[in-house]
Amino acid sequence: MRIAMTSMRPFIGWLTVAFFLLFGAGWLGNLHPAMAAGLFLWLFLVIVWVAFGVVHEAETLAEMLGEPLGTLVLTLSIVIIEVVLISAVMLSSPGSATLARDTMYAVLMIVLNGVVGLGLLMGGIRHYEQTYNLKGASAYLSVIIPLTIIALVLPDFTTSTHGGTLSPVQSVMFSLLTIGLYGVFLWLQTGRHRGYFVAPDAQPIDPKEMEHHRPEAIDKKQLLIHFVLLLVNILPIVILSKSMAKILDYGIEATGAPAALGGIVIATLVFAPEGISALIAIRADRLTRAINLCLGAVTSTLGLTVPAVLGISLYTGHPVLLGLAPSSIVMLIATLILSSITFSNSRTTMLEGAVHLSLFVVFLVLVFSP
């Protein structure tokens, strides 16, 4: 039954693609509230359903490749979907200057406070205390903190431009810096320091011991098959993203909803399967894997989204507003400080989860009541 369900996911995705290729122009050209709501619900459910197929194939690859490569495949697959969705909205709606900022901010709040908070609370109730690889979490945060400040805080304080934007020179230099820092992190994560990203009792962390560790032989044919299946699941989401972008843009404008809601919808849409995977891992007392999923998602989001949106901005000439509002900056700094404290000890309890969830509730309140 599970195999049948797995094979149905890409079929439903591609069937939806066929419908939108045949009839989408007419549907999207005559949107009204009831139709927009129906199409949005349809696309939302299909994209989430197919995204679970992406997670399934990525987790299969994870088992074949081992950690941390497996988790990296999963996070990169999910973040690529996010970048495509943001890019589709930006290219189809030049007025969506704040979407990338709102999405990155929403990812930070949802993952670092919502998923981490709920996960640590669940794990604390079920397991009392949980252990994880402290060096891996510290490595993630050492990259997340500077990339977050550069992308979402610094633009509010530069004087070359105004309104939280960056000049062309700053956009190019910050994009190169972001790509370079993220590239160095990936090189270390998949190279001599890969032991930082596995459970403490699963593999030696000493680099000299790691050099002598030889993974089991990988069936390259099976690896290729699952990689192709991963693409088969991702492509429908990529193709449907443009239609989703138009409906989302129409819905926010028609209902007068906060502009930040678009970023929250995209973040929730994209990271729901990965968030559920992280919670399942915590419930099974695999906290290191959950942290790799959560902090890896944030790191990949910053490392890939910032260069992509700044590149689109330079190409199209449409400005991208990255700087956050003062209240959001306060929330962001509080989240980074709290995350640094939470992951400064190799054991976690339900108290950390409760505090993170409290910040998440504040975030939601501020969205609808700034």
# chains A, B, ... in the order shown; residues from 1 in each chain; ligands from 1
$ closest_atom_pairs --of "stretch 111-160 of chain A" --to "stretch 324-340 of chain A" --cutoff "7 Å" --atoms "only C-alpha atoms" --output "CSV"
residue,atom,partner,partner_atom,distance
A:Ile145,CA,A:Leu336,CA,6.8
A:Leu152,CA,A:Leu324,CA,5.8
A:Val153,CA,A:Leu324,CA,6.3
$ residues_around --residues "A:Val172" --least-positions-apart "2" --cutoff "9 Å" --atoms "only C-alpha atoms" --output "list in words"
Ser167, Pro168, Val169, Gln170, Phe174, Ser175, Leu176, Leu177, Pro307, Leu310, Gly311 and Leu314 of chain A
$ closest_residue --among "A:Tyr132, A:Phe271, A:Phe368, A:Phe227" --to "A:Arg347" --atoms "only C-alpha atoms"
A:Tyr132
$ select_by_dssp --residues "stretch 77-271 of chain A" --states "helix (DSSP H, G or I)" --output "VMD selection string"
chain A and resid 77 to 92 99 to 127 134 to 156 168 to 190 194 to 197 207 to 212 220 to 255 260 to 271
$ residues_around --residues "stretch 77-79 of chain A" --least-positions-apart "3" --cutoff "8 Å" --atoms "only C-alpha atoms" --output "PDB file with N, CA and C atoms, in the first residue's frame"
ATOM      1  N   ALA A  51       5.200  17.114  -2.116  1.00  0.00           N
ATOM      2  CA  ALA A  51       6.398  17.416  -1.317  1.00  0.00           C
ATOM      3  C   ALA A  51       6.726  16.272  -0.375  1.00  0.00           C
ATOM      4  N   VAL A  54       8.785  14.040  -2.267  1.00  0.00           N
ATOM      5  CA  VAL A  54      10.167  14.517  -2.289  1.00  0.00           C
ATOM      6  C   VAL A  54      10.891  14.065  -1.031  1.00  0.00           C
ATOM      7  N   ALA A  58      14.054  11.610  -0.778  1.00  0.00           N
ATOM      8  CA  ALA A  58      15.259  12.168  -0.163  1.00  0.00           C
ATOM      9  C   ALA A  58      15.690  11.335   1.039  1.00  0.00           C
ATOM     10  N   VAL A  73      20.726  16.303   1.233  1.00  0.00           N
ATOM     11  CA  VAL A  73      19.900  16.118   0.031  1.00  0.00           C
ATOM     12  C   VAL A  73      18.472  16.557   0.303  1.00  0.00           C
ATOM     13  N   LEU A  74      17.944  16.194   1.481  1.00  0.00           N
ATOM     14  CA  LEU A  74      16.573  16.548   1.821  1.00  0.00           C
ATOM     15  C   LEU A  74      16.406  18.058   1.958  1.00  0.00           C
ATOM     16  N   GLU A  82      11.420  26.125  -2.393  1.00  0.00           N
ATOM     17  CA  GLU A  82      11.138  27.452  -1.834  1.00  0.00           C
ATOM     18  C   GLU A  82      11.665  28.557  -2.741  1.00  0.00           C
ATOM     19  N   VAL A  83      12.913  28.409  -3.195  1.00  0.00           N
ATOM     20  CA  VAL A  83      13.516  29.432  -4.062  1.00  0.00           C
ATOM     21  C   VAL A  83      12.729  29.575  -5.357  1.00  0.00           C
ATOM     22  N   ILE A 234       9.857  16.645  -7.730  1.00  0.00           N
ATOM     23  CA  ILE A 234      10.111  18.074  -7.577  1.00  0.00           C
ATOM     24  C   ILE A 234       9.541  18.869  -8.743  1.00  0.00           C
ATOM     25  N   VAL A 270       6.223  24.840   1.975  1.00  0.00           N
ATOM     26  CA  VAL A 270       7.456  24.168   1.590  1.00  0.00           C
ATOM     27  C   VAL A 270       8.014  23.302   2.709  1.00  0.00           C
ATOM     28  N   PHE A 271       7.970  23.801   3.945  1.00  0.00           N
ATOM     29  CA  PHE A 271       8.677  23.125   5.030  1.00  0.00           C
ATOM     30  C   PHE A 271       7.791  22.227   5.880  1.00  0.00           C
ATOM     31  N   GLU A 274       9.171  18.574   5.802  1.00  0.00           N
ATOM     32  CA  GLU A 274      10.443  18.494   6.519  1.00  0.00           C
ATOM     33  C   GLU A 274      10.238  18.696   8.014  1.00  0.00           C
ATOM     34  N   ALA A 297      17.825  23.461   7.241  1.00  0.00           N
ATOM     35  CA  ALA A 297      16.839  24.151   6.407  1.00  0.00           C
ATOM     36  C   ALA A 297      17.042  25.658   6.463  1.00  0.00           C
ATOM     37  N   SER A 300      20.357  26.558   4.595  1.00  0.00           N
ATOM     38  CA  SER A 300      20.192  26.464   3.144  1.00  0.00           C
ATOM     39  C   SER A 300      19.285  27.570   2.607  1.00  0.00           C
ATOM     40  N   THR A 301      18.246  27.914   3.367  1.00  0.00           N
ATOM     41  CA  THR A 301      17.353  28.997   2.951  1.00  0.00           C
ATOM     42  C   THR A 301      18.124  30.299   2.787  1.00  0.00           C
ATOM     43  N   LEU A 304      20.887  30.057  -0.142  1.00  0.00           N
ATOM     44  CA  LEU A 304      20.428  29.971  -1.525  1.00  0.00           C
ATOM     45  C   LEU A 304      19.433  31.064  -1.899  1.00  0.00           C
TER      46      LEU A 304
END
$ closest_atom_pairs --of "stretch 80-160 of chain A" --to "stretch 249-266 of chain A" --cutoff "7 Å" --atoms "only C-alpha atoms" --output "JSON lines"
{"residue": "A:Leu99", "atom": "CA", "partner": "A:Gly263", "partner_atom": "CA", "distance": 5.7}
{"residue": "A:Asp102", "atom": "CA", "partner": "A:Gly263", "partner_atom": "CA", "distance": 4.7}
{"residue": "A:Thr103", "atom": "CA", "partner": "A:Gly263", "partner_atom": "CA", "distance": 3.8}
{"residue": "A:Ala106", "atom": "CA", "partner": "A:Ile264", "partner_atom": "CA", "distance": 5.3}
$ closest_residue --among "A:Arg194, A:Lys242, A:Arg286, A:His127" --to "A:Val84" --atoms "only C-alpha atoms"
A:Lys242
